[in-house]
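Peer 1: Take this structure, written in structure tokens, and hold onto it; I'll ask about it next.
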Amino acid sequence: MAAGDPLLCDLPPQVTPEEIGSQVALEYGQAMTVRVCKADGETVPVVVVQNASVLDLKKALRRHVQLRQARQGGVQHLSWKYIWRTYHLTYAGEKLADDRKKLREYGIRNRDEVSFIKKLRK
């Protein structure tokens, strides 16, 4: 691959082997990008394997956020237990409630958007 290769241009400095593997998997159709839309309007592209579960998406989102925070020097610790107790992921108005269920069972495909929504108090 050449330095001007578009695959490599999408990677940040201090790239991890995991990120390179994700980009290669995307290129070969073994992975997909799910865009997670936060309440503040920011969209976070998260790469997961084609047969990923909801839990795989949550773990990939966590890893993405941790890497970004480490690079930007922001808050180093987030309570993910608190985050998943306070927020849930939705797709087309449906809560992604079952961590074991595959994303494709919810109809989620490459480049689809999933929303990060605050749970209503009971």
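Every chain in the structure tokens takes a letter, A first, then B, and so on in the order presented; its residues are numbered from 1, and the ligands are numbered from 1 following the presented order.
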Neighbours of region 91-95 of chain A within 8 Å (only C-alpha atoms; same-chain residues fewer than 5 positions away dropped), as JSON, numbers by chain?
Peer 2: {"A": [106, 108, 113, 114, 115]}
Peer 1: Go ahead and save the residues from that selection, with all heavy atoms, as a JSON list (two decimals), in the first residue's frame.
Peer 2:
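part.json, freshly written:
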```
[["chain", "number", "residue", "atom", "x", "y", "z"],
["A", 106, "TYR", "N", -31.58, -7.01, 14.09],
["A", 106, "TYR", "CA", -32.29, -5.74, 14.23],
["A", 106, "TYR", "C", -32.40, -5.04, 12.87],
["A", 106, "TYR", "O", -33.01, -3.98, 12.78],
["A", 106, "TYR", "CB", -31.57, -4.82, 15.21],
["A", 106, "TYR", "CG", -31.74, -5.20, 16.67],
["A", 106, "TYR", "CD1", -30.71, -5.80, 17.37],
["A", 106, "TYR", "CD2", -32.92, -4.92, 17.34],
["A", 106, "TYR", "CE1", -30.85, -6.13, 18.71],
["A", 106, "TYR", "CE2", -33.08, -5.24, 18.69],
["A", 106, "TYR", "CZ", -32.04, -5.85, 19.37],
["A", 106, "TYR", "OH", -32.19, -6.17, 20.69],
["A", 108, "ILE", "N", -29.66, -3.99, 11.15],
["A", 108, "ILE", "CA", -28.54, -3.04, 11.03],
["A", 108, "ILE", "C", -27.53, -3.55, 10.01],
["A", 108, "ILE", "O", -27.10, -4.70, 10.07],
["A", 108, "ILE", "CB", -27.87, -2.83, 12.41],
["A", 108, "ILE", "CG1", -28.89, -2.23, 13.38],
["A", 108, "ILE", "CG2", -26.64, -1.93, 12.27],
["A", 108, "ILE", "CD1", -28.41, -2.18, 14.82],
["A", 113, "GLU", "N", -27.16, 4.08, 11.01],
["A", 113, "GLU", "CA", -27.00, 4.91, 12.20],
["A", 113, "GLU", "C", -27.78, 4.33, 13.36],
["A", 113, "GLU", "O", -28.94, 3.96, 13.23],
["A", 113, "GLU", "CB", -27.48, 6.34, 11.92],
["A", 113, "GLU", "CG", -26.53, 7.11, 11.03],
["A", 113, "GLU", "CD", -26.85, 8.59, 10.96],
["A", 113, "GLU", "OE1", -27.83, 9.05, 11.58],
["A", 113, "GLU", "OE2", -26.09, 9.30, 10.29],
["A", 114, "VAL", "N", -27.11, 4.28, 14.51],
["A", 114, "VAL", "CA", -27.70, 3.83, 15.76],
["A", 114, "VAL", "C", -27.65, 5.04, 16.69],
["A", 114, "VAL", "O", -26.67, 5.77, 16.70],
["A", 114, "VAL", "CB", -26.87, 2.65, 16.34],
["A", 114, "VAL", "CG1", -27.30, 2.32, 17.74],
["A", 114, "VAL", "CG2", -26.98, 1.44, 15.43],
["A", 115, "SER", "N", -28.71, 5.27, 17.44],
["A", 115, "SER", "CA", -28.76, 6.44, 18.33],
["A", 115, "SER", "C", -28.46, 6.05, 19.78],
["A", 115, "SER", "O", -28.86, 4.98, 20.25],
["A", 115, "SER", "CB", -30.13, 7.10, 18.26],
["A", 115, "SER", "OG", -30.36, 7.57, 16.96]]
```
Peer 1: Could you go through chain A and tell me which residues DSSP, when run on the backbone, assigns to strand (DSSP E or B), listing them as a PyMOL selection string?
Peer 2: chain A and resi 31-37+43-49+53+87-91+94-95+102+113-118
Peer 1: Determine the nearest neighbour of Ile117 (chain A) from the options A:Arg100, A:His88, A:Asn51, A:Ala70, counting only C-alpha atoms.
Peer 2: A:His88
Peer 1: Kindly indicate which residue among A:Val34, A:Ala52, A:Ile20, A:Val15 lies nearest to Leu103 (chain A), using only C-alpha atoms for the distances.
Peer 2: A:Ala52
Peer 1: Taking 5 positions as the minimum chain separation for residues in the same chain, which residues sit within 10 Å of Thr33 (chain A) when counting only C-alpha atoms? Answer as an MDAnalysis selection string.
Peer 2: chainID A and resid 22:23 26 44:50 109:113
Peer 1: Would you export the selected residues with N, CA and C atoms as a tab-separated table (two decimals), in the first residue's frame, please?
Peer 2:
```tsv
chain	number	residue	atom	x	y	z
A	22	SER	N	-9.06	-3.54	11.70
A	22	SER	CA	-10.45	-3.14	11.42
A	22	SER	C	-10.58	-2.56	10.02
A	23	GLN	N	-9.62	-1.71	9.63
A	23	GLN	CA	-9.67	-1.11	8.30
A	23	GLN	C	-9.51	-2.17	7.21
A	26	LEU	N	-12.71	-4.10	6.95
A	26	LEU	CA	-13.70	-3.29	6.21
A	26	LEU	C	-13.47	-3.40	4.71
A	44	VAL	N	-20.24	9.02	15.85
A	44	VAL	CA	-19.02	8.27	16.08
A	44	VAL	C	-19.04	7.01	15.19
A	45	PRO	N	-18.10	6.90	14.23
A	45	PRO	CA	-18.06	5.70	13.40
A	45	PRO	C	-17.37	4.56	14.15
A	46	VAL	N	-18.07	3.43	14.28
A	46	VAL	CA	-17.54	2.30	15.02
A	46	VAL	C	-17.50	1.09	14.09
A	47	VAL	N	-16.35	0.43	14.03
A	47	VAL	CA	-16.18	-0.74	13.15
A	47	VAL	C	-16.39	-2.02	13.96
A	48	VAL	N	-17.28	-2.88	13.44
A	48	VAL	CA	-17.55	-4.19	14.06
A	48	VAL	C	-17.58	-5.25	12.96
A	49	VAL	N	-17.38	-6.50	13.34
A	49	VAL	CA	-17.44	-7.59	12.37
A	49	VAL	C	-18.87	-7.74	11.87
A	50	GLN	N	-19.04	-8.36	10.71
A	50	GLN	CA	-20.36	-8.48	10.08
A	50	GLN	C	-21.39	-9.17	10.98
A	109	ARG	N	-27.21	-2.68	9.07
A	109	ARG	CA	-26.26	-2.99	8.00
A	109	ARG	C	-25.12	-1.96	8.01
A	110	ASN	N	-24.17	-2.14	7.09
A	110	ASN	CA	-23.04	-1.23	6.97
A	110	ASN	C	-23.52	0.22	6.78
A	111	ARG	N	-22.90	1.12	7.50
A	111	ARG	CA	-23.14	2.57	7.46
A	111	ARG	C	-24.51	3.00	8.03
A	112	ASP	N	-25.21	2.10	8.69
A	112	ASP	CA	-26.47	2.49	9.33
A	112	ASP	C	-26.18	3.29	10.59
A	113	GLU	N	-27.16	4.08	11.01
A	113	GLU	CA	-27.00	4.91	12.20
A	113	GLU	C	-27.78	4.33	13.36
```
Peer 1: What does the structure give for the distance between CA of Trp80 (chain A) and CA of Ala97 (chain A), in Å to one decimal?
Peer 2: 16.0 Å
Peer 1: Which one is closest to Leu89 (chain A): A:Glu19, A:Phe116, A:Gly41, A:Ala31? Count only C-alpha atoms.
Peer 2: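 Under the stated criterion, the closest residue is A:Phe116.
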